[in-house]
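Source file: coords_30.pdb (PDB, C-alpha atoms and all ligand atoms)
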ATOM      1  CA  MET A 132    -115.265 126.708  55.712
ATOM      2  CA  MET A 133    -116.496 126.625  52.152
ATOM      3  CA  HIS A 134    -113.330 124.813  51.075
ATOM      4  CA  LEU A 135    -113.685 122.316  53.877
ATOM      5  CA  ASN A 136    -117.188 121.516  52.700
ATOM      6  CA  LEU A 137    -116.012 121.086  49.153
ATOM      7  CA  LEU A 138    -113.262 118.776  50.323
ATOM      8  CA  ARG A 139    -115.746 116.678  52.264
ATOM      9  CA  LEU A 140    -118.041 116.552  49.270
ATOM     10  CA  GLY A 141    -115.044 115.601  47.150
ATOM     11  CA  ALA A 142    -114.628 112.485  49.249
ATOM     12  CA  CYS A 143    -118.093 111.235  48.348
ATOM     13  CA  ARG A 144    -120.282 113.039  45.837
ATOM     14  CA  VAL A 145    -118.460 115.618  43.774
ATOM     15  CA  PRO A 146    -117.339 114.032  40.529
ATOM     16  CA  SER A 147    -113.619 113.851  40.191
ATOM     17  CA  ARG A 148    -111.338 112.778  37.424
ATOM     18  CA  LEU A 149    -108.706 110.187  38.086
ATOM     19  CA  MET A 150    -105.389 109.692  36.363
ATOM     20  CA  SER A 151    -102.647 107.408  37.412
ATOM     21  CA  THR A 152     -99.250 106.029  36.588
ATOM     22  CA  LYS A 153     -97.488 103.033  38.128
ATOM     23  CA  SER A 154     -96.344 105.042  41.143
ATOM     24  CA  THR A 155     -98.579 108.109  41.279
ATOM     25  CA  SER A 156    -102.278 108.777  41.316
ATOM     26  CA  VAL A 157    -104.006 112.058  40.635
ATOM     27  CA  GLU A 158    -107.484 113.048  41.665
ATOM     28  CA  ILE A 159    -108.862 116.322  40.365
ATOM     29  CA  ASN A 160    -111.938 117.514  42.154
ATOM     30  CA  ASP A 161    -114.328 118.960  39.587
ATOM     31  CA  LYS A 162    -115.757 121.504  42.029
ATOM     32  CA  THR A 163    -112.535 122.893  43.487
ATOM     33  CA  GLY A 164    -110.401 122.232  40.403
ATOM     34  CA  VAL A 165    -107.561 121.259  42.722
ATOM     35  CA  ALA A 166    -105.483 118.164  41.955
ATOM     36  CA  ILE A 167    -104.245 115.840  44.672
ATOM     37  CA  LEU A 168    -101.117 114.063  43.500
ATOM     38  CA  SER A 169    -100.383 110.999  45.643
ATOM     39  CA  MET A 170     -97.028 109.275  45.547
ATOM     40  CA  CYS A 171     -97.523 105.539  45.841
ATOM     41  CA  ARG A 172     -94.325 103.559  45.599
ATOM     42  CA  PRO A 173     -94.270 101.372  48.725
ATOM     43  CA  PRO A 174     -92.758 101.104  51.182
ATOM     44  CA  VAL A 175     -91.176 104.579  51.412
ATOM     45  CA  ASN A 176     -91.657 106.364  48.044
ATOM     46  CA  SER A 177     -87.940 106.112  47.362
ATOM     47  CA  GLN A 178     -87.199 107.919  44.140
ATOM     48  CA  ASN A 179     -86.013 105.649  41.333
ATOM     49  CA  VAL A 180     -86.013 106.548  37.633
ATOM     50  CA  GLN A 181     -89.518 105.208  36.937
ATOM     51  CA  PHE A 182     -90.996 106.919  40.001
ATOM     52  CA  LEU A 183     -89.406 110.257  39.053
ATOM     53  CA  ARG A 184     -90.671 109.934  35.474
ATOM     54  CA  ASP A 185     -94.170 109.161  36.739
ATOM     55  CA  LEU A 186     -94.061 112.133  39.090
ATOM     56  CA  LYS A 187     -92.882 114.451  36.333
ATOM     57  CA  SER A 188     -95.575 113.358  33.913
ATOM     58  CA  SER A 189     -98.275 113.724  36.597
ATOM     59  CA  ILE A 190     -97.102 117.255  37.439
ATOM     60  CA  TYR A 191     -97.178 118.295  33.765
ATOM     61  CA  GLU A 192    -100.541 116.605  33.258
ATOM     62  CA  ILE A 193    -101.991 118.577  36.173
ATOM     63  CA  GLU A 194    -100.478 121.788  34.806
ATOM     64  CA  ASN A 195    -101.813 121.125  31.296
ATOM     65  CA  ASN A 196    -105.287 120.251  32.592
ATOM     66  CA  LYS A 197    -105.609 123.776  33.911
ATOM     67  CA  SER A 198    -106.135 122.634  37.472
ATOM     68  CA  ARG A 199    -106.474 125.381  40.048
ATOM     69  CA  GLY A 200    -103.708 124.023  42.205
ATOM     70  CA  LEU A 201    -101.611 120.983  43.074
ATOM     71  CA  ILE A 202    -101.375 119.215  46.407
ATOM     72  CA  LEU A 203     -98.559 116.704  46.778
ATOM     73  CA  THR A 204     -98.971 113.911  49.312
ATOM     74  CA  SER A 205     -98.138 110.264  49.951
ATOM     75  CA  ALA A 206    -100.273 107.150  49.819
ATOM     76  CA  ASN A 207     -97.945 105.508  52.346
ATOM     77  CA  SER A 208     -98.870 105.681  55.978
ATOM     78  CA  ASN A 209     -95.745 107.098  57.625
ATOM     79  CA  VAL A 210     -93.381 108.263  54.898
ATOM     80  CA  PHE A 211     -93.874 111.196  52.523
ATOM     81  CA  SER A 212     -90.740 110.251  50.571
ATOM     82  CA  ALA A 213     -87.408 108.756  51.674
ATOM     83  CA  GLY A 214     -85.525 110.589  48.925
ATOM     84  CA  LEU A 215     -83.457 109.049  46.170
ATOM     85  CA  ASP A 216     -83.604 105.284  45.922
ATOM     86  CA  ILE A 217     -80.213 104.271  47.255
ATOM     87  CA  LEU A 218     -80.682 100.795  45.758
ATOM     88  CA  GLU A 219     -80.734 102.466  42.360
ATOM     89  CA  MET A 220     -77.496 104.358  43.072
ATOM     90  CA  TYR A 221     -75.600 101.470  44.633
ATOM     91  CA  ASN A 222     -73.517  99.454  42.148
ATOM     92  CA  ALA A 223     -75.077 101.438  39.292
ATOM     93  CA  ASP A 224     -73.115 102.286  36.168
ATOM     94  CA  LYS A 225     -72.440 105.862  35.104
ATOM     95  CA  GLU A 226     -75.272 105.937  32.587
ATOM     96  CA  GLN A 227     -77.820 104.805  35.197
ATOM     97  CA  LEU A 228     -76.531 107.374  37.675
ATOM     98  CA  GLY A 229     -76.762 110.118  35.054
ATOM     99  CA  THR A 230     -80.324 109.139  34.170
ATOM    100  CA  LEU A 231     -81.405 109.098  37.821
ATOM    101  CA  TRP A 232     -79.967 112.537  38.503
ATOM    102  CA  THR A 233     -81.430 113.980  35.287
ATOM    103  CA  GLU A 234     -84.888 112.720  36.273
ATOM    104  CA  LEU A 235     -84.520 114.227  39.761
ATOM    105  CA  GLN A 236     -83.638 117.545  38.153
ATOM    106  CA  ASN A 237     -86.652 117.211  35.819
ATOM    107  CA  VAL A 238     -89.072 116.654  38.690
ATOM    108  CA  TRP A 239     -87.636 119.498  40.720
ATOM    109  CA  ILE A 240     -87.889 122.003  37.867
ATOM    110  CA  ALA A 241     -91.436 120.819  37.034
ATOM    111  CA  LEU A 242     -92.558 121.416  40.623
ATOM    112  CA  TYR A 243     -90.424 124.410  41.601
ATOM    113  CA  GLY A 244     -91.162 126.141  38.296
ATOM    114  CA  SER A 245     -94.870 125.311  38.234
ATOM    115  CA  GLY A 246     -97.113 128.318  37.695
ATOM    116  CA  LEU A 247     -99.872 126.662  39.743
ATOM    117  CA  PRO A 248    -100.293 127.184  43.476
ATOM    118  CA  THR A 249     -98.553 124.164  45.038
ATOM    119  CA  ALA A 250     -98.830 122.729  48.537
ATOM    120  CA  ALA A 251     -97.418 119.679  50.307
ATOM    121  CA  ALA A 252     -99.491 117.576  52.695
ATOM    122  CA  ILE A 253     -96.530 115.948  54.428
ATOM    123  CA  ASN A 254     -98.074 112.886  56.016
ATOM    124  CA  GLY A 255     -94.798 111.241  57.030
ATOM    125  CA  HIS A 256     -91.022 111.518  57.043
ATOM    126  CA  ALA A 257     -89.456 113.711  54.362
ATOM    127  CA  PRO A 258     -85.666 113.407  54.399
ATOM    128  CA  ALA A 259     -83.359 114.499  51.538
ATOM    129  CA  GLY A 260     -85.185 114.190  48.183
ATOM    130  CA  GLY A 261     -88.472 114.087  50.161
ATOM    131  CA  CYS A 262     -87.636 117.481  51.626
ATOM    132  CA  LEU A 263     -86.633 118.663  48.153
ATOM    133  CA  LEU A 264     -90.159 117.968  46.878
ATOM    134  CA  ALA A 265     -91.869 119.526  49.909
ATOM    135  CA  THR A 266     -89.774 122.690  49.791
ATOM    136  CA  ALA A 267     -90.350 123.113  46.055
ATOM    137  CA  CYS A 268     -94.002 123.741  46.996
ATOM    138  CA  GLU A 269     -95.332 127.049  48.332
ATOM    139  CA  TYR A 270     -96.991 125.749  51.481
ATOM    140  CA  ARG A 271     -96.465 122.807  53.842
ATOM    141  CA  ALA A 272     -98.687 121.126  56.445
ATOM    142  CA  MET A 273     -97.056 118.229  58.316
ATOM    143  CA  LEU A 274     -97.978 115.466  60.744
ATOM    144  CA  PRO A 275     -96.281 115.367  64.174
ATOM    145  CA  ASN A 276     -93.428 112.978  65.095
ATOM    146  CA  CYS A 277     -91.823 113.004  61.653
ATOM    147  CA  VAL A 278     -88.570 114.395  60.297
ATOM    148  CA  ILE A 279     -87.810 116.688  57.378
ATOM    149  CA  GLY A 280     -84.540 118.114  56.120
ATOM    150  CA  LEU A 281     -81.606 117.976  53.762
ATOM    151  CA  ASN A 282     -79.257 115.516  55.468
ATOM    152  CA  GLU A 283     -76.715 115.217  52.654
ATOM    153  CA  THR A 284     -73.649 116.341  54.643
ATOM    154  CA  GLN A 285     -74.449 113.659  57.244
ATOM    155  CA  LEU A 286     -74.025 111.162  54.406
ATOM    156  CA  GLY A 287     -70.752 112.787  53.350
ATOM    157  CA  ILE A 288     -72.228 114.319  50.207
ATOM    158  CA  ILE A 289     -72.985 117.871  49.087
ATOM    159  CA  ALA A 290     -76.387 119.153  48.041
ATOM    160  CA  PRO A 291     -75.900 121.232  44.869
ATOM    161  CA  LYS A 292     -77.140 124.811  44.851
ATOM    162  CA  TRP A 293     -80.441 124.141  43.049
ATOM    163  CA  LEU A 294     -81.241 121.421  45.575
ATOM    164  CA  MET A 295     -80.838 124.052  48.301
ATOM    165  CA  SER A 296     -83.118 126.565  46.568
ATOM    166  CA  GLY A 297     -86.224 125.506  48.491
ATOM    167  CA  TYR A 298     -84.429 126.082  51.786
ATOM    168  CA  GLN A 299     -83.177 129.425  50.594
ATOM    169  CA  ASN A 300     -86.703 130.503  49.657
ATOM    170  CA  ILE A 301     -88.058 129.555  53.047
ATOM    171  CA  LEU A 302     -85.422 129.901  55.737
ATOM    172  CA  PRO A 303     -83.356 132.900  56.753
ATOM    173  CA  GLN A 304     -79.841 132.580  55.238
ATOM    174  CA  ARG A 305     -78.151 131.989  58.599
ATOM    175  CA  LEU A 306     -80.509 129.181  59.536
ATOM    176  CA  ALA A 307     -80.352 127.602  56.056
ATOM    177  CA  GLU A 308     -76.548 127.632  56.109
ATOM    178  CA  ARG A 309     -76.427 126.078  59.571
ATOM    179  CA  ALA A 310     -79.015 123.389  58.798
ATOM    180  CA  LEU A 311     -77.335 122.442  55.511
ATOM    181  CA  THR A 312     -73.832 122.290  56.929
ATOM    182  CA  GLN A 313     -75.097 120.209  59.862
ATOM    183  CA  GLY A 314     -77.182 117.990  57.562
ATOM    184  CA  ARG A 315     -79.938 118.575  60.076
ATOM    185  CA  LEU A 316     -83.166 116.625  60.075
ATOM    186  CA  PHE A 317     -85.823 118.747  61.806
ATOM    187  CA  THR A 318     -88.590 117.160  63.830
ATOM    188  CA  THR A 319     -92.038 118.421  62.858
ATOM    189  CA  GLU A 320     -92.081 120.720  65.876
ATOM    190  CA  GLU A 321     -88.590 122.111  65.111
ATOM    191  CA  ALA A 322     -89.547 122.576  61.466
ATOM    192  CA  LEU A 323     -92.533 124.707  62.453
ATOM    193  CA  LYS A 324     -90.408 126.838  64.773
ATOM    194  CA  ALA A 325     -87.807 127.362  62.040
ATOM    195  CA  GLY A 326     -90.453 128.218  59.434
ATOM    196  CA  LEU A 327     -89.643 125.180  57.284
ATOM    197  CA  ILE A 328     -93.289 124.118  57.473
ATOM    198  CA  ASP A 329     -96.398 126.258  57.876
ATOM    199  CA  GLU A 330     -98.670 124.131  60.058
ATOM    200  CA  ILE A 331     -98.718 121.015  62.203
ATOM    201  CA  VAL A 332    -101.801 118.896  61.617
ATOM    202  CA  ASN A 333    -103.254 115.841  63.308
ATOM    203  CA  SER A 334    -104.229 113.777  60.290
ATOM    204  CA  LYS A 335    -103.707 113.466  56.569
ATOM    205  CA  GLU A 336    -107.270 114.719  56.036
ATOM    206  CA  GLU A 337    -106.470 117.863  58.010
ATOM    207  CA  ALA A 338    -103.254 118.321  56.017
ATOM    208  CA  LEU A 339    -105.214 118.145  52.751
ATOM    209  CA  GLU A 340    -107.800 120.544  54.115
ATOM    210  CA  LYS A 341    -105.122 123.097  55.107
ATOM    211  CA  CYS A 342    -103.497 122.782  51.692
ATOM    212  CA  LEU A 343    -106.845 123.280  50.000
ATOM    213  CA  ASN A 344    -107.486 126.350  52.143
ATOM    214  CA  PHE A 345    -104.078 127.742  51.177
ATOM    215  CA  ILE A 346    -104.844 127.275  47.489
ATOM    216  CA  GLY A 347    -108.264 128.834  48.123
ATOM    217  CA  THR A 348    -106.568 132.073  49.234
ATOM    218  CA  PHE A 349    -105.817 132.713  45.552
ATOM    219  CA  ALA A 350    -109.429 132.275  44.447
ATOM    220  CA  LYS A 351    -109.863 135.964  43.710
ATOM    221  CA  VAL A 352    -106.410 136.569  42.293
ATOM    222  CA  ASN A 353    -105.857 136.630  38.550
ATOM    223  CA  PRO A 354    -104.104 133.277  37.833
ATOM    224  CA  LEU A 355    -101.699 134.671  35.233
ATOM    225  CA  ALA A 356    -100.672 137.589  37.442
ATOM    226  CA  ARG A 357    -100.214 135.192  40.360
ATOM    227  CA  SER A 358     -98.186 132.727  38.354
ATOM    228  CA  LEU A 359     -95.900 135.357  36.795
ATOM    229  CA  THR A 360     -95.328 136.960  40.187
ATOM    230  CA  LYS A 361     -94.411 133.588  41.720
ATOM    231  CA  LEU A 362     -92.009 132.839  38.887
ATOM    232  CA  GLN A 363     -90.344 136.248  39.222
ATOM    233  CA  PHE A 364     -89.400 135.242  42.759
ATOM    234  CA  ARG A 365     -87.995 131.926  41.520
ATOM    235  CA  ALA A 366     -86.437 133.132  38.245
ATOM    236  CA  ALA A 367     -82.895 133.670  39.555
ATOM    237  CA  ASN A 368     -82.675 130.132  40.986
ATOM    238  CA  ILE A 369     -84.192 128.637  37.822
ATOM    239  CA  LYS A 370     -81.813 130.573  35.568
ATOM    240  CA  GLU A 371     -78.822 129.550  37.636
ATOM    241  CA  PHE A 372     -79.986 125.908  37.520
ATOM    242  CA  GLU A 373     -80.434 125.937  33.720
ATOM    243  CA  LYS A 374     -76.875 127.212  33.312
ATOM    244  CA  ILE A 375     -75.266 124.394  35.289
ATOM    245  CA  ARG A 376     -77.779 121.614  34.586
ATOM    246  CA  GLN A 377     -75.562 119.380  32.428
ATOM    247  CA  LYS A 378     -72.427 119.975  34.472
ATOM    248  CA  ASP A 379     -74.409 119.155  37.595
ATOM    249  CA  VAL A 380     -75.259 115.704  36.150
ATOM    250  CA  GLU A 381     -71.597 115.119  35.338
ATOM    251  CA  ASP A 382     -70.553 116.184  38.858
ATOM    252  CA  PHE A 383     -73.121 113.889  40.435
ATOM    253  CA  VAL A 384     -72.042 110.912  38.302
ATOM    254  CA  SER A 385     -68.406 111.528  39.075
ATOM    255  CA  LEU A 386     -69.092 111.794  42.836
ATOM    256  CA  ALA A 387     -71.597 108.954  43.130
ATOM    257  CA  SER A 388     -69.435 106.505  41.163
ATOM    258  CA  ARG A 389     -66.368 106.988  43.370
ATOM    259  CA  PRO A 390     -65.521 103.769  45.234
ATOM    260  CA  GLU A 391     -65.500 105.539  48.630
ATOM    261  CA  VAL A 392     -68.961 107.035  47.995
ATOM    262  CA  GLN A 393     -70.248 103.651  46.808
ATOM    263  CA  LYS A 394     -68.919 102.170  50.034
ATOM    264  CA  VAL A 395     -70.812 104.806  52.087
ATOM    265  CA  MET A 396     -73.982 103.899  50.171
ATOM    266  CA  GLY A 397     -73.480 100.170  50.759
ATOM    267  CA  ASP A 398     -72.931 100.687  54.501
ATOM    268  CA  TYR A 399     -75.873 103.068  54.712
ATOM    269  CA  LEU A 400     -78.152 100.571  52.979
ATOM    270  CA  GLU A 401     -77.013  97.795  55.256
ATOM    271  CA  ASN A 402     -77.772  99.929  58.326
ATOM    272  CA  LEU A 403     -81.215 100.778  56.953
ATOM    273  CA  LYS A 404     -81.931  97.099  56.402
ATOM    274  CA  LYS A 405     -80.647  96.113  59.865
ATOM    275  CA  LYS A 406     -82.804  98.840  61.415
ATOM    276  CA  SER A 407     -85.913  97.729  59.527
ATOM    277  CA  LYS A 408     -85.447  94.092  60.675
ATOM    278  CA  LYS A 409     -85.294  95.096  64.383
TER
HETATM  279  C1  LIG A 501     -76.355 107.395  51.046
HETATM  280  C2  LIG A 501     -75.236 107.906  50.258
HETATM  281  C3  LIG A 501     -75.722 108.582  48.986
HETATM  282  C4  LIG A 501     -74.549 109.098  48.146
HETATM  283  C5  LIG A 501     -75.068 109.846  46.916
HETATM  284  C6  LIG A 501     -73.991 110.588  46.205
HETATM  285  C7  LIG A 501     -74.344 112.008  45.810
HETATM  286  C8  LIG A 501     -75.810 112.437  45.941
HETATM  287  C9  LIG A 501     -76.024 113.871  46.214
HETATM  288  C10 LIG A 501     -77.156 114.278  46.783
HETATM  289  C11 LIG A 501     -78.372 113.418  46.825
HETATM  290  C12 LIG A 501     -79.204 113.455  47.765
HETATM  291  C13 LIG A 501     -80.609 113.039  47.617
HETATM  292  C14 LIG A 501     -81.094 111.825  48.390
HETATM  293  O1  LIG A 501     -82.265 111.756  48.463
HETATM  294  S1  LIG A 501     -80.074 110.581  49.057
HETATM  295  C15 LIG A 501     -81.242 109.524  49.991
HETATM  296  C16 LIG A 501     -81.253 109.907  51.416
HETATM  297  N1  LIG A 501     -82.358 109.292  52.123
HETATM  298  C17 LIG A 501     -82.312 109.026  53.422
HETATM  299  O2  LIG A 501     -81.315 109.271  54.074
HETATM  300  C18 LIG A 501     -83.531 108.351  54.058
HETATM  301  C19 LIG A 501     -83.257 106.945  54.437
HETATM  302  N2  LIG A 501     -84.452 106.305  55.030
HETATM  303  C20 LIG A 501     -84.857 106.534  56.293
HETATM  304  O3  LIG A 501     -84.284 107.315  57.036
HETATM  305  C21 LIG A 501     -86.070 105.774  56.765
HETATM  306  O4  LIG A 501     -86.302 104.711  55.880
HETATM  307  C22 LIG A 501     -87.360 106.634  56.847
HETATM  308  C23 LIG A 501     -87.626 107.389  55.545
HETATM  309  C24 LIG A 501     -87.256 107.623  58.019
HETATM  310  C25 LIG A 501     -88.578 105.697  57.097
HETATM  311  O5  LIG A 501     -88.360 104.897  58.227
HETATM  312  P1  LIG A 501     -89.253 103.588  58.468
HETATM  313  O6  LIG A 501     -90.664 103.875  58.252
HETATM  314  O7  LIG A 501     -88.823 103.043  59.788
HETATM  315  O8  LIG A 501     -88.853 102.603  57.276
HETATM  316  P2  LIG A 501     -87.532 101.715  57.168
HETATM  317  O9  LIG A 501     -86.310 102.519  57.488
HETATM  318  O10 LIG A 501     -87.740 100.441  57.925
HETATM  319  O11 LIG A 501     -87.466 101.417  55.604
HETATM  320  C26 LIG A 501     -88.348 100.477  54.970
HETATM  321  C27 LIG A 501     -87.631  99.866  53.796
HETATM  322  O12 LIG A 501     -87.308 100.892  52.864
HETATM  323  C28 LIG A 501     -85.886 100.896  52.594
HETATM  324  N3  LIG A 501     -85.452 102.281  52.351
HETATM  325  C29 LIG A 501     -85.592 103.336  53.161
HETATM  326  N4  LIG A 501     -85.106 104.465  52.583
HETATM  327  C30 LIG A 501     -84.630 104.085  51.379
HETATM  328  C31 LIG A 501     -84.000 104.793  50.299
HETATM  329  N5  LIG A 501     -83.778 106.117  50.339
HETATM  330  N6  LIG A 501     -83.638 104.093  49.215
HETATM  331  C32 LIG A 501     -83.863 102.749  49.132
HETATM  332  N7  LIG A 501     -84.481 102.016  50.122
HETATM  333  C33 LIG A 501     -84.846 102.695  51.226
HETATM  334  C34 LIG A 501     -85.291 100.285  53.864
HETATM  335  O13 LIG A 501     -84.020  99.771  53.597
HETATM  336  C35 LIG A 501     -86.302  99.222  54.182
HETATM  337  O14 LIG A 501     -86.086  98.146  53.277
HETATM  338  P3  LIG A 501     -86.258  96.608  53.741
HETATM  339  O15 LIG A 501     -87.655  96.496  54.262
HETATM  340  O16 LIG A 501     -86.003  95.819  52.496
HETATM  341  O17 LIG A 501     -85.227  96.346  54.810
END

Will you turn the file into structure tokens for me?
Ligand SMILES: CCCCCCCC/C=C\C=C\CC(=O)SCCNC(=O)CCNC(=O)[C@H](O)C(C)(C)COP(=O)(O)OP(=O)(O)OC[C@H]1O[C@@H](n2cnc3c(N)ncnc32)[C@H](O)[C@@H]1OP(=O)(O)O
Amino acid sequence: MMHLNLLRLGACRVPSRLMSTKSTSVEINDKTGVAILSMCRPPVNSQNVQFLRDLKSSIYEIENNKSRGLILTSANSNVFSAGLDILEMYNADKEQLGTLWTELQNVWIALYGSGLPTAAAINGHAPAGGCLLATACEYRAMLPNCVIGLNETQLGIIAPKWLMSGYQNILPQRLAERALTQGRLFTTEEALKAGLIDEIVNSKEEALEKCLNFIGTFAKVNPLARSLTKLQFRAANIKEFEKIRQKDVEDFVSLASRPEVQKVMGDYLENLKKKSKK
């Protein structure tokens, strides 16, 4: 209840500090000390190099400002994030592909490896890279009638191991393996049943409130002890990722630049465009 009141106050009277980049905005409530990081790259927060760089710098800024927690959400009305910007992968040269993948890795490690309590207010669809961001957080509240999941195999591509880490943290192995091999996109209701999200909420405000309450559960826990404990759970995945990081970029570039993969991307984009014109 106390957190709810603080959140309400935050909307009007409590002073808050604002920081922003081209495609993100951050509001840190001075009373709660919690930062709300909003992704704002219309129409669907697709992840291009600039967006990923903005996201990374906002995450580190929040971490360095000693905020009490980070809530990730979207400024768009029905999409949390549509994942990697396919326009930026289609007809791109190897250097551009390598840069895009490196920036995706950078954002993932910044969020997954953050010592702060992190929560995702998923106020829209979260396929692929959108799911990656949500599952890098520790808690998820999501609006109904949306989808979330790692759909890579449906696109004929393979999610590398680090990209699966969020799933592996959250879902039982058998379920994670099945969902990843199927490239399954879960509806909000299915995601709750599977344990991929923690709560279904009726509005973005309620999602933010639930996230704030989650972060509030650590109010009496020593922050350093909390952070080190969290990172002990994530250390094996992080270590594994650091070992293969460069090779992973090379593998991505080699896969994404293949003519048959480029053709899949072109067809996929065309279908997306046809669908959006209907
Ligand atoms: C596709 C092959 C990739 C091959 C890569 C090789 C190896 C990579 C290995 C792993 C990488 C995986 C990470 C990824 O993130 S790949 C991206 C996968 N993303 C998706 O499959 C989501 C696609 N989008 C949607 O399903 C919908 O847009 C949705 C998010 C559900 C929102 O639906 P809706 O609100 O109805 O909006 P529209 O579909 O009408 O879209 C509005 C405009 O936005 C454009 N759009 C949508 N998604 C993307 C995207 N990911 N990249 C670029 N542009 C996107 C869409 O075309 C519409 O544009 P316009 O208005 O100009 O027609």

Site check for ligand LIG 501 (chain A): residues at most 8 Å away, only C-alpha atoms and all ligand atoms, as a PDB file with C-alpha atoms, keeping the file's coordinate frame:
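Now in result05.pdb:
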ATOM      1  CA  PRO A 174     -92.758 101.104  51.182  1.00  0.00           C
ATOM      2  CA  VAL A 175     -91.176 104.579  51.412  1.00  0.00           C
ATOM      3  CA  SER A 177     -87.940 106.112  47.362  1.00  0.00           C
ATOM      4  CA  GLN A 178     -87.199 107.919  44.140  1.00  0.00           C
ATOM      5  CA  ASN A 209     -95.745 107.098  57.625  1.00  0.00           C
ATOM      6  CA  VAL A 210     -93.381 108.263  54.898  1.00  0.00           C
ATOM      7  CA  PHE A 211     -93.874 111.196  52.523  1.00  0.00           C
ATOM      8  CA  SER A 212     -90.740 110.251  50.571  1.00  0.00           C
ATOM      9  CA  ALA A 213     -87.408 108.756  51.674  1.00  0.00           C
ATOM     10  CA  GLY A 214     -85.525 110.589  48.925  1.00  0.00           C
ATOM     11  CA  LEU A 215     -83.457 109.049  46.170  1.00  0.00           C
ATOM     12  CA  ASP A 216     -83.604 105.284  45.922  1.00  0.00           C
ATOM     13  CA  ILE A 217     -80.213 104.271  47.255  1.00  0.00           C
ATOM     14  CA  LEU A 218     -80.682 100.795  45.758  1.00  0.00           C
ATOM     15  CA  GLU A 219     -80.734 102.466  42.360  1.00  0.00           C
ATOM     16  CA  MET A 220     -77.496 104.358  43.072  1.00  0.00           C
ATOM     17  CA  HIS A 256     -91.022 111.518  57.043  1.00  0.00           C
ATOM     18  CA  ALA A 257     -89.456 113.711  54.362  1.00  0.00           C
ATOM     19  CA  PRO A 258     -85.666 113.407  54.399  1.00  0.00           C
ATOM     20  CA  ALA A 259     -83.359 114.499  51.538  1.00  0.00           C
ATOM     21  CA  GLY A 260     -85.185 114.190  48.183  1.00  0.00           C
ATOM     22  CA  GLY A 261     -88.472 114.087  50.161  1.00  0.00           C
ATOM     23  CA  CYS A 277     -91.823 113.004  61.653  1.00  0.00           C
ATOM     24  CA  VAL A 278     -88.570 114.395  60.297  1.00  0.00           C
ATOM     25  CA  LEU A 281     -81.606 117.976  53.762  1.00  0.00           C
ATOM     26  CA  ASN A 282     -79.257 115.516  55.468  1.00  0.00           C
ATOM     27  CA  GLU A 283     -76.715 115.217  52.654  1.00  0.00           C
ATOM     28  CA  LEU A 286     -74.025 111.162  54.406  1.00  0.00           C
ATOM     29  CA  GLY A 287     -70.752 112.787  53.350  1.00  0.00           C
ATOM     30  CA  ILE A 288     -72.228 114.319  50.207  1.00  0.00           C
ATOM     31  CA  ILE A 289     -72.985 117.871  49.087  1.00  0.00           C
ATOM     32  CA  ALA A 290     -76.387 119.153  48.041  1.00  0.00           C
ATOM     33  CA  PRO A 291     -75.900 121.232  44.869  1.00  0.00           C
ATOM     34  CA  PHE A 383     -73.121 113.889  40.435  1.00  0.00           C
ATOM     35  CA  VAL A 384     -72.042 110.912  38.302  1.00  0.00           C
ATOM     36  CA  LEU A 386     -69.092 111.794  42.836  1.00  0.00           C
ATOM     37  CA  ALA A 387     -71.597 108.954  43.130  1.00  0.00           C
ATOM     38  CA  SER A 388     -69.435 106.505  41.163  1.00  0.00           C
ATOM     39  CA  VAL A 392     -68.961 107.035  47.995  1.00  0.00           C
ATOM     40  CA  GLN A 393     -70.248 103.651  46.808  1.00  0.00           C
ATOM     41  CA  VAL A 395     -70.812 104.806  52.087  1.00  0.00           C
ATOM     42  CA  MET A 396     -73.982 103.899  50.171  1.00  0.00           C
ATOM     43  CA  GLY A 397     -73.480 100.170  50.759  1.00  0.00           C
ATOM     44  CA  TYR A 399     -75.873 103.068  54.712  1.00  0.00           C
ATOM     45  CA  LEU A 400     -78.152 100.571  52.979  1.00  0.00           C
ATOM     46  CA  GLU A 401     -77.013  97.795  55.256  1.00  0.00           C
ATOM     47  CA  ASN A 402     -77.772  99.929  58.326  1.00  0.00           C
ATOM     48  CA  LEU A 403     -81.215 100.778  56.953  1.00  0.00           C
ATOM     49  CA  LYS A 404     -81.931  97.099  56.402  1.00  0.00           C
ATOM     50  CA  LYS A 405     -80.647  96.113  59.865  1.00  0.00           C
ATOM     51  CA  LYS A 406     -82.804  98.840  61.415  1.00  0.00           C
ATOM     52  CA  SER A 407     -85.913  97.729  59.527  1.00  0.00           C
ATOM     53  CA  LYS A 408     -85.447  94.092  60.675  1.00  0.00           C
TER      54      LYS A 408
END

Atom CA of A:Lys187 to atom CA of A:Tyr221 measures 23.2 Å

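Residue selection for this entry, given the PyMOL selection byres (((chain A and resi 335-351) around 6) and not hetatm), comprises Ala250, Ala252, Asn254, Ala272, Val332, Ser334 and Val352 of chain A.
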
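Residue nearest A:Gly244 within the list A:Ala310, A:Ile190, A:Met273, A:Ala223: A:Ile190 [criterion: smallest interatomic distance, all atoms listed in the file].
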
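With only C-alpha atoms as the atoms that count, the minimum distance from A:Pro275 to the choices A:Thr319, A:Asn176, A:Thr230, A:Thr204 is reached by A:Thr319.
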
How would you write, as a PyMOL selection string, the residues chosen by the PyMOL selection byres (((chain A and resi 231) around 9) and not hetatm) on this structure?
-> chain A and resi 178-180+183+215+219-220+226-230+232-236
